[in-house]
$ cat structure.tsv   # TSV, C-alpha atoms
chain	number	residue	atom	x	y	z
S	721	MET	CA	95.99	181.70	120.02
S	722	ASP	CA	99.20	181.32	118.03
S	723	LEU	CA	98.86	179.88	114.51
S	724	ARG	CA	101.45	177.15	115.23
S	725	THR	CA	99.82	175.86	118.42
S	726	ARG	CA	98.93	172.17	118.13
S	727	LEU	CA	95.21	171.76	118.77
S	728	ASP	CA	93.69	169.28	121.21
S	729	TYR	CA	90.43	169.10	119.27
S	730	VAL	CA	88.02	170.99	117.03
S	731	LEU	CA	84.29	171.37	117.65
S	732	PHE	CA	81.66	171.95	114.98
S	733	GLN	CA	78.63	173.32	116.86
S	734	LEU	CA	75.56	173.05	114.63
S	735	THR	CA	72.33	174.99	114.93
S	736	PRO	CA	69.39	173.90	112.77
S	737	THR	CA	67.54	176.92	111.37
S	738	ARG	CA	64.32	177.25	109.37
S	739	THR	CA	63.53	180.03	106.95
S	740	SER	CA	60.09	181.56	106.51
S	741	TYR	CA	59.59	179.11	103.63
S	742	LEU	CA	60.30	176.16	105.96
S	743	PHE	CA	63.66	175.29	104.41
S	744	LEU	CA	65.94	173.69	106.98
S	745	PHE	CA	69.63	174.51	106.96
S	746	PHE	CA	72.44	174.41	109.49
S	747	VAL	CA	74.56	177.22	110.82
S	748	CYS	CA	77.96	176.06	112.04
S	749	GLU	CA	80.42	177.54	114.51
S	750	LEU	CA	83.95	176.16	114.37
S	751	VAL	CA	85.65	176.32	117.77
S	752	ILE	CA	89.24	175.24	118.36
S	753	PHE	CA	90.70	174.04	121.66
S	754	ALA	CA	94.34	173.94	122.74
S	755	ARG	CA	95.61	173.47	126.26
S	756	LYS	CA	92.99	175.30	128.34
S	757	GLU	CA	92.11	177.89	125.70
S	758	SER	CA	89.29	177.98	123.20
S	759	GLU	CA	88.62	180.30	120.28
S	760	LYS	CA	85.79	180.60	117.76
S	761	LEU	CA	87.60	180.39	114.46
S	762	ALA	CA	84.69	180.73	112.04
S	763	SER	CA	80.93	180.64	111.67
S	764	GLY	CA	78.56	180.38	108.76
S	765	LEU	CA	76.55	177.90	106.72
S	766	LEU	CA	77.50	174.28	107.29
S	767	ASP	CA	78.15	172.98	103.77
S	768	PRO	CA	81.43	174.83	103.13
S	769	PHE	CA	82.80	173.46	106.42
S	770	ILE	CA	82.02	169.79	105.84
S	771	SER	CA	81.71	169.28	102.10
S	772	HIS	CA	84.59	166.78	102.21
S	773	LEU	CA	83.97	165.09	105.61
S	774	LYS	CA	81.76	162.02	105.12
S	775	THR	CA	81.84	161.10	108.82
S	776	THR	CA	80.47	164.50	109.75
S	777	LYS	CA	77.59	164.18	107.28
S	778	ASP	CA	76.73	160.78	108.77
S	779	GLN	CA	76.62	162.25	112.29
S	780	ILE	CA	74.30	165.06	111.17
S	781	SER	CA	71.88	162.55	109.66
S	782	LYS	CA	71.74	160.92	113.13
S	783	ARG	CA	70.90	164.31	114.72
S	784	GLY	CA	74.42	164.94	115.97
S	785	TYR	CA	74.50	168.71	116.43
S	786	SER	CA	77.89	168.81	118.06
S	787	ILE	CA	80.76	167.16	116.20
S	788	THR	CA	84.26	166.83	117.63
S	789	LEU	CA	87.38	166.09	115.62
S	790	ARG	CA	90.35	164.77	117.63
S	791	PRO	CA	93.73	163.86	116.17
S	792	VAL	CA	95.07	160.36	116.74
S	793	GLY	CA	98.73	160.01	117.63
S	794	LEU	CA	101.39	162.57	116.82
S	795	THR	CA	99.86	165.12	114.44
S	796	PRO	CA	102.05	168.22	114.19
S	797	TRP	CA	99.91	169.50	111.29
S	798	PHE	CA	96.74	169.78	113.46
S	799	THR	CA	97.10	173.53	114.12
S	800	LYS	CA	95.07	176.72	113.88
S	801	ALA	CA	97.00	177.62	110.72
S	802	THR	CA	95.90	174.38	109.02
S	803	LEU	CA	92.24	175.06	109.75
S	804	GLN	CA	92.37	178.66	108.59
S	805	ARG	CA	93.38	177.63	105.07

$ encode --input "structure.tsv" --output "structure tokens"
Amino acid sequence: MDLRTRLDYVLFQLTPTRTSYLFLFFVCELVIFARKESEKLASGLLDPFISHLKTTKDQISKRGYSITLRPVGLTPWFTKATLQR
């Protein structure tokens, strides 16, 4: 997918995982969607992805393991390049 393509939406797919010491943490896959294409942009521990998104943290506390971000109105900045930064 081209870096300048305006995205339709972004999906944070969360997977709760337990360690052998019973610590619970989340693994996150970040998938972007534009037109009829999708691409996994990143994966890893959840905190670096959402440290600044209060809404996302609220959804996780309600057991929301799939979080979608959709732009409202004309948002030329909502691109793959923006998310890769």

$ atom_distance --input "structure.tsv" --atom1 "CA of Lys760 in chain S" --atom2 "CA of Phe798 in chain S"
16.0 Å

$ atom_distance --input "structure.tsv" --atom1 "CA of Leu766 in chain S" --atom2 "CA of Ile752 in chain S"
16.2 Å

$ atom_distance --input "structure.tsv" --atom1 "CA of Leu761 in chain S" --atom2 "CA of Phe732 in chain S"
10.3 Å

$ closest_residue --input "structure.tsv" --among "S:Trp797, S:Tyr741, S:Tyr729, S:Phe746" --to "Ser763 in chain S" --atoms "all atoms listed in the file"
S:Phe746

$ closest_residue --input "structure.tsv" --among "S:Gly764, S:Phe753, S:Arg724, S:Arg738" --to "Thr788 in chain S" --atoms "all atoms listed in the file"
S:Phe753

$ closest_residue --input "structure.tsv" --among "S:Ser758, S:Leu765, S:Thr799, S:Gln733" --to "Phe745 in chain S" --atoms "all atoms listed in the file"
S:Leu765

$ closest_residue --input "structure.tsv" --among "S:Leu734, S:Met721, S:Ile787, S:Leu742" --to "Ala754 in chain S" --atoms "all atoms listed in the file"
S:Met721

$ decode --input "structure.tsv" --residues "range 726-767 of chain S" --atoms "C-alpha atoms" --output "mmCIF file, in the first residue's frame"
data_model
loop_
_atom_site.group_PDB
_atom_site.id
_atom_site.type_symbol
_atom_site.label_atom_id
_atom_site.label_comp_id
_atom_site.auth_asym_id
_atom_site.auth_seq_id
_atom_site.Cartn_x
_atom_site.Cartn_y
_atom_site.Cartn_z
ATOM 1 C CA ARG S 726 -5.847 7.843 2.694
ATOM 2 C CA LEU S 727 -7.011 5.104 5.062
ATOM 3 C CA ASP S 728 -10.626 4.088 5.587
ATOM 4 C CA TYR S 729 -9.960 2.840 9.111
ATOM 5 C CA VAL S 730 -7.385 1.297 11.440
ATOM 6 C CA LEU S 731 -7.930 -1.834 13.527
ATOM 7 C CA PHE S 732 -6.130 -2.660 16.766
ATOM 8 C CA GLN S 733 -6.600 -6.423 17.225
ATOM 9 C CA LEU S 734 -5.790 -7.340 20.823
ATOM 10 C CA THR S 735 -4.863 -10.750 22.162
ATOM 11 C CA PRO S 736 -4.718 -11.197 25.947
ATOM 12 C CA THR S 737 -1.736 -13.339 26.945
ATOM 13 C CA ARG S 738 -0.617 -14.780 30.279
ATOM 14 C CA THR S 739 2.944 -15.546 31.258
ATOM 15 C CA SER S 740 3.993 -18.527 33.340
ATOM 16 C CA TYR S 741 3.823 -16.206 36.371
ATOM 17 C CA LEU S 742 0.176 -15.370 35.573
ATOM 18 C CA PHE S 743 0.869 -11.793 34.494
ATOM 19 C CA LEU S 744 -1.695 -10.651 31.953
ATOM 20 C CA PHE S 745 -0.610 -8.454 29.071
ATOM 21 C CA PHE S 746 -1.917 -7.679 25.614
ATOM 22 C CA VAL S 747 -0.314 -8.267 22.253
ATOM 23 C CA CYS S 748 -1.562 -5.889 19.575
ATOM 24 C CA GLU S 749 -1.659 -6.135 15.801
ATOM 25 C CA LEU S 750 -2.213 -2.876 13.941
ATOM 26 C CA VAL S 751 -4.003 -3.446 10.625
ATOM 27 C CA ILE S 752 -4.771 -0.656 8.166
ATOM 28 C CA PHE S 753 -7.581 -0.655 5.601
ATOM 29 C CA ALA S 754 -7.897 1.427 2.440
ATOM 30 C CA ARG S 755 -10.287 0.810 -0.406
ATOM 31 C CA LYS S 756 -10.478 -2.997 -0.533
ATOM 32 C CA GLU S 757 -6.936 -3.618 0.706
ATOM 33 C CA SER S 758 -5.653 -4.411 4.164
ATOM 34 C CA GLU S 759 -2.126 -4.605 5.523
ATOM 35 C CA LYS S 760 -0.668 -5.508 8.915
ATOM 36 C CA LEU S 761 1.434 -2.491 9.734
ATOM 37 C CA ALA S 762 2.855 -3.511 13.106
ATOM 38 C CA SER S 763 2.567 -5.932 15.992
ATOM 39 C CA GLY S 764 3.895 -6.029 19.510
ATOM 40 C CA LEU S 765 3.003 -5.173 23.091
ATOM 41 C CA LEU S 766 -0.046 -2.958 23.450
ATOM 42 C CA ASP S 767 1.214 -0.091 25.632
#
